[in-house]
Amino acid sequence: MARLKPELVVVNGQIATPAKSEAVSGQDMNRLTVIAEGWVACASGIIIGVGTMAECADAVDVSPDTTVINAAGKVVLPGLVDSHTHLVFGGSREQEFYLRAQGVDYMDIMAAGGGILSSVRATRAASLDELVDSGLQRLGWMLSQGVTTVECKSGYGLDLETEIKQLRAVQILSQRHPIELVPTFLGAHAWPPEYRGREEEYVDAIIVEMLPEIARRGLAEYCDVFCEASVFSVDQTRRIMQRAQELGFKLRLHADEMTGLGGAELAGELRAASADHLLQVSDRGIDALRTGGVMPVLLPATAFVLKKRYTPARKMISAGLPVALATDFNPGSAPVPSMLLVMSLACLYMGLTPEEAINAATINAAASLDRADRIGSLAVGKQADLAIFAVSHYRHIPYFVGADLVETVIKRGQVVYQKPQEKGDGDVTRFDSQSVSS
Ligand code: NIG
Ligand code: FE
């Protein structure tokens, strides 16, 4: 067999990866392929080989031009995939965070004109440059957690101009930052104040005006709706989603988050790509997700921050469903950019095993974004997106809660993040957005 000539090769690491390039469910969620000491070779942004160190010398040809990363005593995973974020927003809402810490309810803050509407005011007031700048900082946080793909929703504009501004910011961010972004239109996130008392007209505006214009400009791949009591009803959500589907959008849905409205049932009926949150999902809802082939995306950081009950993940996995994990990063219910913390919370409070948490944060998250053939596992032919962790076993990753474990991140075969030296001289080598902009 011809020897591989990689541009970059990671050697000596524990390689842990989902076994398949498609969503894994039920018992399979508890399995990973693990090579105790292995290598991953990359060329032209693609994985060209994976193997054990015993066969490395025979299989891989290393030249002076090859970048060799020694991962001895470290763990190599596929880059993590954050499949639900509200990355782009103006302002911040720390006052609400501390009010909620004192016991005030999230939906009561929203009903009083705060919550999402407070971020809508700040996002409308923000310039495109400001949204891009804050987005770059937040993507930096995510990259240093081993994340290489992030879904980003609009939804803090609630008018066409600002929704477009947010999605333009996502477009610019994906050119300026190595993390790959997946844009979602969430115009149906709250009722705009100017439509008070005539909410049905806002649903019409989304259907008649906003969705077609977002589609025409090619600004979003998915459409999402916040289906919730006092926000978008099941019927209003269905109308918006059906129109979105006709226009070629794929569907995600904020479902059964605070109230068990039947969002999961609707997601199943529409065969949405994902139904997210599901804190209050019913047994019928779980059935509907399975029959509709919908990926449940679980967001334990939101339950953690809002001090709510967690999604019944074990029940879903026992029912034979796959599950994905995501941060829900947003200025209100989850100011949490860390997929690693999410994996720890998933193990601690939803009873996931570390193997399930890793599958949920990689291949299943990728499958929910329709990208399981390209990312989410370490397999020949897939994009070379890798994260290297400074721990000796993958089971240490959710276990060292909140630790700064990520040492190196590789996106499309390029090193895009290297942790600064522990005892360095302050010469920080983090990714610099300027260096790849142009
Ligand atoms: O997913 N639930 C609706 N949207 C977000 C919260 C957004 C916010 O509080 O700004 C969520 O939790
Ligand atoms: Fe959300």
# chains A, B, ... in the order shown; residues from 1 in each chain; ligands from 1
$ residues_near_ligand --ligand "ligand 2" --cutoff "8 Å" --atoms "only C-alpha atoms and all ligand atoms" --output "number ranges by chain"
A: 84-86, 226, 254, 276-277, 328-330
$ residues_around --residues "stretch 398-414 of chain A" --least-positions-apart "5" --cutoff "7 Å" --atoms "only C-alpha atoms" --output "PyMOL selection string"
chain A and resi 8+42-46+144-146+148+178+340-341+343-344+354+383-390+419
$ closest_atom_pairs --of "chain A" --to "ligand 1" --cutoff "9 Å" --atoms "only C-alpha atoms and all ligand atoms" --output "JSON lines"
{"residue": "A:His84", "atom": "CA", "partner": "ligand 1", "partner_atom_place_in_ligand_line": "1 (O)", "distance": 8.1}
{"residue": "A:Thr85", "atom": "CA", "partner": "ligand 1", "partner_atom_place_in_ligand_line": "1 (O)", "distance": 7.8}
{"residue": "A:His86", "atom": "CA", "partner": "ligand 1", "partner_atom_place_in_ligand_line": "7 (C)", "distance": 7.2}
{"residue": "A:Phe89", "atom": "CA", "partner": "ligand 1", "partner_atom_place_in_ligand_line": "10 (O)", "distance": 8.7}
{"residue": "A:Arg93", "atom": "CA", "partner": "ligand 1", "partner_atom_place_in_ligand_line": "10 (O)", "distance": 8.7}
{"residue": "A:Tyr106", "atom": "CA", "partner": "ligand 1", "partner_atom_place_in_ligand_line": "9 (O)", "distance": 7.9}
{"residue": "A:Met110", "atom": "CA", "partner": "ligand 1", "partner_atom_place_in_ligand_line": "9 (O)", "distance": 8.4}
{"residue": "A:Gly115", "atom": "CA", "partner": "ligand 1", "partner_atom_place_in_ligand_line": "9 (O)", "distance": 5.5}
{"residue": "A:Ile116", "atom": "CA", "partner": "ligand 1", "partner_atom_place_in_ligand_line": "10 (O)", "distance": 4.2}
{"residue": "A:Leu117", "atom": "CA", "partner": "ligand 1", "partner_atom_place_in_ligand_line": "10 (O)", "distance": 7.9}
{"residue": "A:Ser118", "atom": "CA", "partner": "ligand 1", "partner_atom_place_in_ligand_line": "10 (O)", "distance": 8.3}
{"residue": "A:Ser119", "atom": "CA", "partner": "ligand 1", "partner_atom_place_in_ligand_line": "10 (O)", "distance": 6.5}
{"residue": "A:Val120", "atom": "CA", "partner": "ligand 1", "partner_atom_place_in_ligand_line": "10 (O)", "distance": 8.6}
{"residue": "A:Gly155", "atom": "CA", "partner": "ligand 1", "partner_atom_place_in_ligand_line": "4 (N)", "distance": 8.4}
{"residue": "A:Tyr156", "atom": "CA", "partner": "ligand 1", "partner_atom_place_in_ligand_line": "10 (O)", "distance": 7.8}
{"residue": "A:His189", "atom": "CA", "partner": "ligand 1", "partner_atom_place_in_ligand_line": "3 (C)", "distance": 6.5}
{"residue": "A:Ala190", "atom": "CA", "partner": "ligand 1", "partner_atom_place_in_ligand_line": "3 (C)", "distance": 8.2}
{"residue": "A:Val225", "atom": "CA", "partner": "ligand 1", "partner_atom_place_in_ligand_line": "3 (C)", "distance": 8.8}
{"residue": "A:Phe226", "atom": "CA", "partner": "ligand 1", "partner_atom_place_in_ligand_line": "3 (C)", "distance": 5.8}
{"residue": "A:Cys227", "atom": "CA", "partner": "ligand 1", "partner_atom_place_in_ligand_line": "2 (N)", "distance": 8.5}
{"residue": "A:Glu228", "atom": "CA", "partner": "ligand 1", "partner_atom_place_in_ligand_line": "2 (N)", "distance": 8.1}
{"residue": "A:His254", "atom": "CA", "partner": "ligand 1", "partner_atom_place_in_ligand_line": "2 (N)", "distance": 6.5}
{"residue": "A:Ala255", "atom": "CA", "partner": "ligand 1", "partner_atom_place_in_ligand_line": "2 (N)", "distance": 8.7}
{"residue": "A:Glu257", "atom": "CA", "partner": "ligand 1", "partner_atom_place_in_ligand_line": "2 (N)", "distance": 6.9}
{"residue": "A:Met258", "atom": "CA", "partner": "ligand 1", "partner_atom_place_in_ligand_line": "2 (N)", "distance": 8.3}
{"residue": "A:Asp276", "atom": "CA", "partner": "ligand 1", "partner_atom_place_in_ligand_line": "1 (O)", "distance": 8.1}
{"residue": "A:His277", "atom": "CA", "partner": "ligand 1", "partner_atom_place_in_ligand_line": "1 (O)", "distance": 7.3}
{"residue": "A:Leu299", "atom": "CA", "partner": "ligand 1", "partner_atom_place_in_ligand_line": "1 (O)", "distance": 8.4}
{"residue": "A:Thr302", "atom": "CA", "partner": "ligand 1", "partner_atom_place_in_ligand_line": "12 (O)", "distance": 6.3}
{"residue": "A:Asp328", "atom": "CA", "partner": "ligand 1", "partner_atom_place_in_ligand_line": "1 (O)", "distance": 5.6}
{"residue": "A:Phe329", "atom": "CA", "partner": "ligand 1", "partner_atom_place_in_ligand_line": "1 (O)", "distance": 8.0}
{"residue": "A:Asn330", "atom": "CA", "partner": "ligand 1", "partner_atom_place_in_ligand_line": "10 (O)", "distance": 5.4}
{"residue": "A:Pro331", "atom": "CA", "partner": "ligand 1", "partner_atom_place_in_ligand_line": "10 (O)", "distance": 5.1}
{"residue": "A:Gly332", "atom": "CA", "partner": "ligand 1", "partner_atom_place_in_ligand_line": "9 (O)", "distance": 3.5}
{"residue": "A:Ser333", "atom": "CA", "partner": "ligand 1", "partner_atom_place_in_ligand_line": "9 (O)", "distance": 4.5}
{"residue": "A:Ala334", "atom": "CA", "partner": "ligand 1", "partner_atom_place_in_ligand_line": "12 (O)", "distance": 6.6}
{"residue": "A:Pro335", "atom": "CA", "partner": "ligand 1", "partner_atom_place_in_ligand_line": "9 (O)", "distance": 8.8}
$ select_by_dssp --residues "stretch 287-369 of chain A" --states "strand (DSSP E)" --output "JSON, numbers by chain"
{"A": [295, 296, 297, 298, 324, 325]}
$ write_last_selection --atoms "N, CA, C and O atoms" --output "PDB file, in the first residue's frame"
ATOM      1  N   MET A 295     -33.984  14.991  15.605  1.00  0.00           N
ATOM      2  CA  MET A 295     -32.916  14.922  16.618  1.00  0.00           C
ATOM      3  C   MET A 295     -33.283  15.813  17.810  1.00  0.00           C
ATOM      4  O   MET A 295     -33.440  17.017  17.655  1.00  0.00           O
ATOM      5  N   PRO A 296     -33.395  15.241  19.011  1.00  0.00           N
ATOM      6  CA  PRO A 296     -33.562  16.095  20.189  1.00  0.00           C
ATOM      7  C   PRO A 296     -32.218  16.749  20.528  1.00  0.00           C
ATOM      8  O   PRO A 296     -31.217  16.046  20.653  1.00  0.00           O
ATOM      9  N   VAL A 297     -32.203  18.064  20.633  1.00  0.00           N
ATOM     10  CA  VAL A 297     -30.975  18.775  21.015  1.00  0.00           C
ATOM     11  C   VAL A 297     -31.165  19.255  22.454  1.00  0.00           C
ATOM     12  O   VAL A 297     -32.054  20.055  22.738  1.00  0.00           O
ATOM     13  N   LEU A 298     -30.341  18.735  23.340  1.00  0.00           N
ATOM     14  CA  LEU A 298     -30.501  18.993  24.772  1.00  0.00           C
ATOM     15  C   LEU A 298     -29.539  20.093  25.209  1.00  0.00           C
ATOM     16  O   LEU A 298     -28.370  20.097  24.819  1.00  0.00           O
ATOM     17  N   ALA A 324     -28.504  15.021  20.900  1.00  0.00           N
ATOM     18  CA  ALA A 324     -27.348  15.903  20.701  1.00  0.00           C
ATOM     19  C   ALA A 324     -27.285  16.861  21.880  1.00  0.00           C
ATOM     20  O   ALA A 324     -28.290  17.076  22.564  1.00  0.00           O
ATOM     21  N   LEU A 325     -26.101  17.421  22.110  1.00  0.00           N
ATOM     22  CA  LEU A 325     -25.920  18.427  23.159  1.00  0.00           C
ATOM     23  C   LEU A 325     -25.497  19.737  22.519  1.00  0.00           C
ATOM     24  O   LEU A 325     -24.779  19.733  21.523  1.00  0.00           O
TER      25      LEU A 325
END
$ atom_distance --atom1 "atom CA of A:Gly73" --atom2 "atom CA of A:Val40"
15.1 Å
$ select_by_dssp --residues "stretch 299-354 of chain A" --states "alpha helix (DSSP H)" --output "list in words"
Pro300, Ala301, Thr302, Ala303, Phe304, Val305, Leu306, Ala313, Arg314, Lys315, Met316, Ile317, Ser318, Met339, Leu340, Leu341, Val342, Met343, Ser344, Leu345, Ala346, Cys347, Leu348, Tyr349, Met350 and Pro354 of chain A
$ write_last_selection --atoms "N, CA and C atoms" --output "mmCIF file, in the first residue's frame"
data_model
loop_
_atom_site.group_PDB
_atom_site.id
_atom_site.type_symbol
_atom_site.label_atom_id
_atom_site.label_comp_id
_atom_site.auth_asym_id
_atom_site.auth_seq_id
_atom_site.Cartn_x
_atom_site.Cartn_y
_atom_site.Cartn_z
ATOM 1 N N PRO A 300 -28.460 21.490 28.570
ATOM 2 C CA PRO A 300 -28.489 21.472 30.039
ATOM 3 C C PRO A 300 -28.008 22.755 30.695
ATOM 4 N N ALA A 301 -27.231 23.583 29.971
ATOM 5 C CA ALA A 301 -26.778 24.842 30.580
ATOM 6 C C ALA A 301 -27.961 25.761 30.854
ATOM 7 N N THR A 302 -29.022 25.649 30.058
ATOM 8 C CA THR A 302 -30.198 26.501 30.249
ATOM 9 C C THR A 302 -30.944 26.073 31.509
ATOM 10 N N ALA A 303 -31.127 24.777 31.699
ATOM 11 C CA ALA A 303 -31.766 24.282 32.919
ATOM 12 C C ALA A 303 -30.920 24.672 34.139
ATOM 13 N N PHE A 304 -29.608 24.603 33.970
ATOM 14 C CA PHE A 304 -28.682 24.951 35.058
ATOM 15 C C PHE A 304 -28.823 26.419 35.444
ATOM 16 N N VAL A 305 -28.773 27.302 34.448
ATOM 17 C CA VAL A 305 -28.823 28.738 34.732
ATOM 18 C C VAL A 305 -30.218 29.148 35.227
ATOM 19 N N LEU A 306 -31.257 28.578 34.628
ATOM 20 C CA LEU A 306 -32.628 28.950 35.031
ATOM 21 C C LEU A 306 -33.114 28.152 36.239
ATOM 22 N N ALA A 313 -33.275 12.919 29.447
ATOM 23 C CA ALA A 313 -32.408 12.337 28.414
ATOM 24 C C ALA A 313 -32.409 10.809 28.444
ATOM 25 N N ARG A 314 -32.393 10.226 29.653
ATOM 26 C CA ARG A 314 -32.322 8.762 29.746
ATOM 27 C C ARG A 314 -33.564 8.124 29.133
ATOM 28 N N LYS A 315 -34.692 8.779 29.366
ATOM 29 C CA LYS A 315 -35.941 8.277 28.803
ATOM 30 C C LYS A 315 -35.873 8.286 27.272
ATOM 31 N N MET A 316 -35.297 9.340 26.740
ATOM 32 C CA MET A 316 -35.183 9.444 25.276
ATOM 33 C C MET A 316 -34.250 8.370 24.731
ATOM 34 N N ILE A 317 -33.102 8.216 25.377
ATOM 35 C CA ILE A 317 -32.130 7.230 24.883
ATOM 36 C C ILE A 317 -32.721 5.823 25.009
ATOM 37 N N SER A 318 -33.421 5.559 26.123
ATOM 38 C CA SER A 318 -34.064 4.241 26.286
ATOM 39 C C SER A 318 -35.138 4.014 25.230
ATOM 40 N N MET A 339 -18.961 24.124 25.635
ATOM 41 C CA MET A 339 -19.446 22.769 25.357
ATOM 42 C C MET A 339 -18.893 21.778 26.390
ATOM 43 N N LEU A 340 -17.728 22.100 26.961
ATOM 44 C CA LEU A 340 -17.171 21.167 27.950
ATOM 45 C C LEU A 340 -18.001 21.178 29.231
ATOM 46 N N LEU A 341 -18.429 22.372 29.652
ATOM 47 C CA LEU A 341 -19.304 22.436 30.822
ATOM 48 C C LEU A 341 -20.624 21.718 30.522
ATOM 49 N N VAL A 342 -21.140 21.915 29.304
ATOM 50 C CA VAL A 342 -22.388 21.254 28.908
ATOM 51 C C VAL A 342 -22.251 19.730 29.002
ATOM 52 N N MET A 343 -21.101 19.213 28.582
ATOM 53 C CA MET A 343 -20.892 17.760 28.660
ATOM 54 C C MET A 343 -20.846 17.306 30.121
ATOM 55 N N SER A 344 -20.217 18.095 30.980
ATOM 56 C CA SER A 344 -20.187 17.747 32.410
ATOM 57 C C SER A 344 -21.599 17.767 32.990
ATOM 58 N N LEU A 345 -22.367 18.818 32.669
ATOM 59 C CA LEU A 345 -23.744 18.916 33.188
ATOM 60 C C LEU A 345 -24.593 17.747 32.686
ATOM 61 N N ALA A 346 -24.366 17.363 31.436
ATOM 62 C CA ALA A 346 -25.145 16.263 30.855
ATOM 63 C C ALA A 346 -24.883 14.966 31.618
ATOM 64 N N CYS A 347 -23.624 14.754 32.003
ATOM 65 C CA CYS A 347 -23.306 13.546 32.778
ATOM 66 C C CYS A 347 -23.884 13.653 34.190
ATOM 67 N N LEU A 348 -23.675 14.823 34.806
ATOM 68 C CA LEU A 348 -24.082 14.975 36.208
ATOM 69 C C LEU A 348 -25.591 14.981 36.405
ATOM 70 N N TYR A 349 -26.295 15.709 35.556
ATOM 71 C CA TYR A 349 -27.723 15.959 35.825
ATOM 72 C C TYR A 349 -28.675 15.258 34.868
ATOM 73 N N MET A 350 -28.178 14.726 33.766
ATOM 74 C CA MET A 350 -29.077 14.000 32.862
ATOM 75 C C MET A 350 -28.658 12.530 32.765
ATOM 76 N N PRO A 354 -19.921 9.278 29.759
ATOM 77 C CA PRO A 354 -19.006 10.121 28.978
ATOM 78 C C PRO A 354 -19.034 9.778 27.487
#
$ closest_residue --among "A:Val416, A:Ala19, A:Val170, A:Ala215" --to "A:Phe249" --atoms "only C-alpha atoms"
A:Ala215
$ closest_residue --among "A:Ser392, A:Asn359, A:Gln421, A:Ser274" --to "A:Ala36" --atoms "only C-alpha atoms"
A:Ser392
$ atom_distance --atom1 "atom CA of A:Thr362" --atom2 "atom CA of A:Ala188"
27.8 Å
$ atom_distance --atom1 "atom CA of A:Ala169" --atom2 "atom CA of A:Pro183"
10.1 Å
$ residues_around --residues "A:Ala244" --least-positions-apart "4" --cutoff "7 Å" --atoms "only C-alpha atoms" --output "ChimeraX atom specification"
/A:211,223,240,248-249
$ residues_around --residues "A:Thr162" --least-positions-apart "5" --cutoff "10 Å" --atoms "only C-alpha atoms" --output "PyMOL selection string"
chain A and resi 120+123-128+154-157+167-168+187
$ residues_around --residues "stretch 129-140 of chain A" --least-positions-apart "3" --cutoff "9 Å" --atoms "only C-alpha atoms" --output "MDAnalysis selection string"
chainID A and resid 87:90 123 126 143:145 147 150 165:166 169:170 172:173 176:177 179 337 430:431 433
$ residues_around --residues "A:Ile358" --least-positions-apart "3" --cutoff "10 Å" --atoms "only C-alpha atoms" --output "compact mmCIF listing (two decimals) with N, CA, C and O atoms, in the first residue's frame"
# COMPACT_ATOMS: atom_id res chain seq x y z
N ALA A 16 -10.19 9.05 20.29
CA ALA A 16 -11.55 8.61 20.67
C ALA A 16 -12.53 9.26 19.73
O ALA A 16 -12.55 10.48 19.59
N THR A 17 -13.33 8.44 19.07
CA THR A 17 -14.24 8.98 18.06
C THR A 17 -15.53 8.18 17.95
O THR A 17 -15.53 6.96 18.21
N PRO A 18 -16.63 8.86 17.59
CA PRO A 18 -17.83 8.10 17.24
C PRO A 18 -17.47 7.08 16.16
O PRO A 18 -16.61 7.34 15.30
N MET A 29 -25.19 4.82 21.39
CA MET A 29 -24.68 6.09 21.93
C MET A 29 -23.60 5.85 22.98
O MET A 29 -22.83 6.75 23.28
N ASN A 30 -23.58 4.66 23.52
CA ASN A 30 -22.63 4.37 24.58
C ASN A 30 -21.30 3.80 24.05
O ASN A 30 -20.49 3.29 24.81
N ARG A 31 -21.13 3.84 22.73
CA ARG A 31 -19.92 3.27 22.13
C ARG A 31 -19.09 4.33 21.43
O ARG A 31 -19.62 5.18 20.73
N LEU A 32 -17.78 4.20 21.61
CA LEU A 32 -16.82 5.01 20.86
C LEU A 32 -15.77 4.06 20.30
O LEU A 32 -15.54 2.99 20.87
N LEU A 77 -9.99 14.15 19.98
CA LEU A 77 -11.40 13.95 19.64
C LEU A 77 -11.70 14.70 18.35
O LEU A 77 -10.95 15.61 17.97
N PRO A 78 -12.81 14.39 17.70
CA PRO A 78 -13.24 15.26 16.61
C PRO A 78 -13.57 16.63 17.20
O PRO A 78 -13.97 16.72 18.37
N LEU A 80 -15.56 19.67 18.48
CA LEU A 80 -16.93 19.63 19.02
C LEU A 80 -17.85 20.50 18.15
O LEU A 80 -17.41 21.47 17.53
N ALA A 324 -28.50 15.02 20.90
CA ALA A 324 -27.35 15.90 20.70
C ALA A 324 -27.28 16.86 21.88
O ALA A 324 -28.29 17.08 22.56
N LEU A 325 -26.10 17.42 22.11
CA LEU A 325 -25.92 18.43 23.16
C LEU A 325 -25.50 19.74 22.52
O LEU A 325 -24.78 19.73 21.52
N LEU A 340 -17.73 22.10 26.96
CA LEU A 340 -17.17 21.17 27.95
C LEU A 340 -18.00 21.18 29.23
O LEU A 340 -18.29 20.13 29.82
N MET A 343 -21.10 19.21 28.58
CA MET A 343 -20.89 17.76 28.66
C MET A 343 -20.85 17.31 30.12
O MET A 343 -21.40 16.26 30.47
N LEU A 352 -26.01 11.08 31.48
CA LEU A 352 -25.30 10.55 30.31
C LEU A 352 -23.96 9.94 30.74
O LEU A 352 -23.34 10.41 31.70
N THR A 353 -23.53 8.93 30.04
CA THR A 353 -22.18 8.41 30.24
C THR A 353 -21.23 9.33 29.46
O THR A 353 -21.68 10.07 28.56
N PRO A 354 -19.92 9.28 29.76
CA PRO A 354 -19.01 10.12 28.98
C PRO A 354 -19.03 9.78 27.49
O PRO A 354 -18.92 10.67 26.65
N GLU A 355 -19.24 8.50 27.18
CA GLU A 355 -19.30 8.09 25.76
C GLU A 355 -20.53 8.73 25.11
O GLU A 355 -20.46 9.24 23.98
N ALA A 361 -22.07 15.42 21.51
CA ALA A 361 -21.44 16.71 21.22
C ALA A 361 -20.66 16.70 19.91
O ALA A 361 -20.05 17.70 19.54
N THR A 362 -20.66 15.55 19.24
CA THR A 362 -19.90 15.46 17.97
C THR A 362 -20.81 14.95 16.86
O THR A 362 -21.46 15.74 16.19
N ILE A 363 -20.91 13.62 16.71
CA ILE A 363 -21.61 13.10 15.53
C ILE A 363 -23.11 13.42 15.54
O ILE A 363 -23.68 13.75 14.49
N ASN A 364 -23.75 13.35 16.71
CA ASN A 364 -25.19 13.62 16.71
C ASN A 364 -25.49 15.10 16.49
O ASN A 364 -26.45 15.45 15.81
N ALA A 365 -24.63 15.95 17.03
CA ALA A 365 -24.79 17.38 16.79
C ALA A 365 -24.58 17.66 15.29
O ALA A 365 -25.32 18.42 14.67
N GLY A 376 -17.78 15.62 12.69
CA GLY A 376 -18.35 14.91 13.85
C GLY A 376 -17.70 13.59 14.18
O GLY A 376 -18.04 12.98 15.20
N TYR A 394 -10.17 9.95 27.63
CA TYR A 394 -11.33 10.78 27.28
C TYR A 394 -12.34 10.87 28.42
O TYR A 394 -13.10 11.83 28.52
N ARG A 395 -12.32 9.88 29.33
CA ARG A 395 -13.26 9.92 30.45
C ARG A 395 -12.93 11.06 31.43
O ARG A 395 -13.74 11.39 32.29
N ILE A 397 -12.58 14.06 30.46
CA ILE A 397 -13.04 15.34 29.88
C ILE A 397 -14.27 15.89 30.59
O ILE A 397 -14.24 17.01 31.09
N PRO A 398 -15.39 15.13 30.72
CA PRO A 398 -16.50 15.70 31.50
C PRO A 398 -16.19 15.75 33.01
O PRO A 398 -16.81 16.52 33.74
$ residues_around --residues "A:Asp283" --least-positions-apart "4" --cutoff "10 Å" --atoms "only C-alpha atoms" --output "number ranges by chain"
A: 264-265, 287-289, 315-316, 319
$ write_last_selection --atoms "N, CA and C atoms" --output "PDB file, in the first residue's frame"
ATOM      1  N   ALA A 264     -42.799  19.161  20.585  1.00  0.00           N
ATOM      2  CA  ALA A 264     -42.135  17.953  20.075  1.00  0.00           C
ATOM      3  C   ALA A 264     -43.058  17.245  19.083  1.00  0.00           C
ATOM      4  N   GLU A 265     -44.358  17.205  19.401  1.00  0.00           N
ATOM      5  CA  GLU A 265     -45.315  16.563  18.496  1.00  0.00           C
ATOM      6  C   GLU A 265     -45.305  17.287  17.144  1.00  0.00           C
ATOM      7  N   ASP A 287     -42.382   9.991  21.411  1.00  0.00           N
ATOM      8  CA  ASP A 287     -42.791   9.100  20.303  1.00  0.00           C
ATOM      9  C   ASP A 287     -42.753   9.827  18.965  1.00  0.00           C
ATOM     10  N   ALA A 288     -43.272  11.056  18.993  1.00  0.00           N
ATOM     11  CA  ALA A 288     -43.355  11.827  17.749  1.00  0.00           C
ATOM     12  C   ALA A 288     -41.963  12.143  17.209  1.00  0.00           C
ATOM     13  N   LEU A 289     -41.021  12.403  18.112  1.00  0.00           N
ATOM     14  CA  LEU A 289     -39.647  12.690  17.664  1.00  0.00           C
ATOM     15  C   LEU A 289     -39.079  11.462  16.956  1.00  0.00           C
ATOM     16  N   LYS A 315     -34.692   8.779  29.366  1.00  0.00           N
ATOM     17  CA  LYS A 315     -35.941   8.277  28.803  1.00  0.00           C
ATOM     18  C   LYS A 315     -35.873   8.286  27.272  1.00  0.00           C
ATOM     19  N   MET A 316     -35.297   9.340  26.740  1.00  0.00           N
ATOM     20  CA  MET A 316     -35.183   9.444  25.276  1.00  0.00           C
ATOM     21  C   MET A 316     -34.250   8.370  24.731  1.00  0.00           C
ATOM     22  N   ALA A 319     -35.768   5.101  24.799  1.00  0.00           N
ATOM     23  CA  ALA A 319     -36.800   4.974  23.764  1.00  0.00           C
ATOM     24  C   ALA A 319     -36.169   4.773  22.378  1.00  0.00           C
TER      25      ALA A 319
END
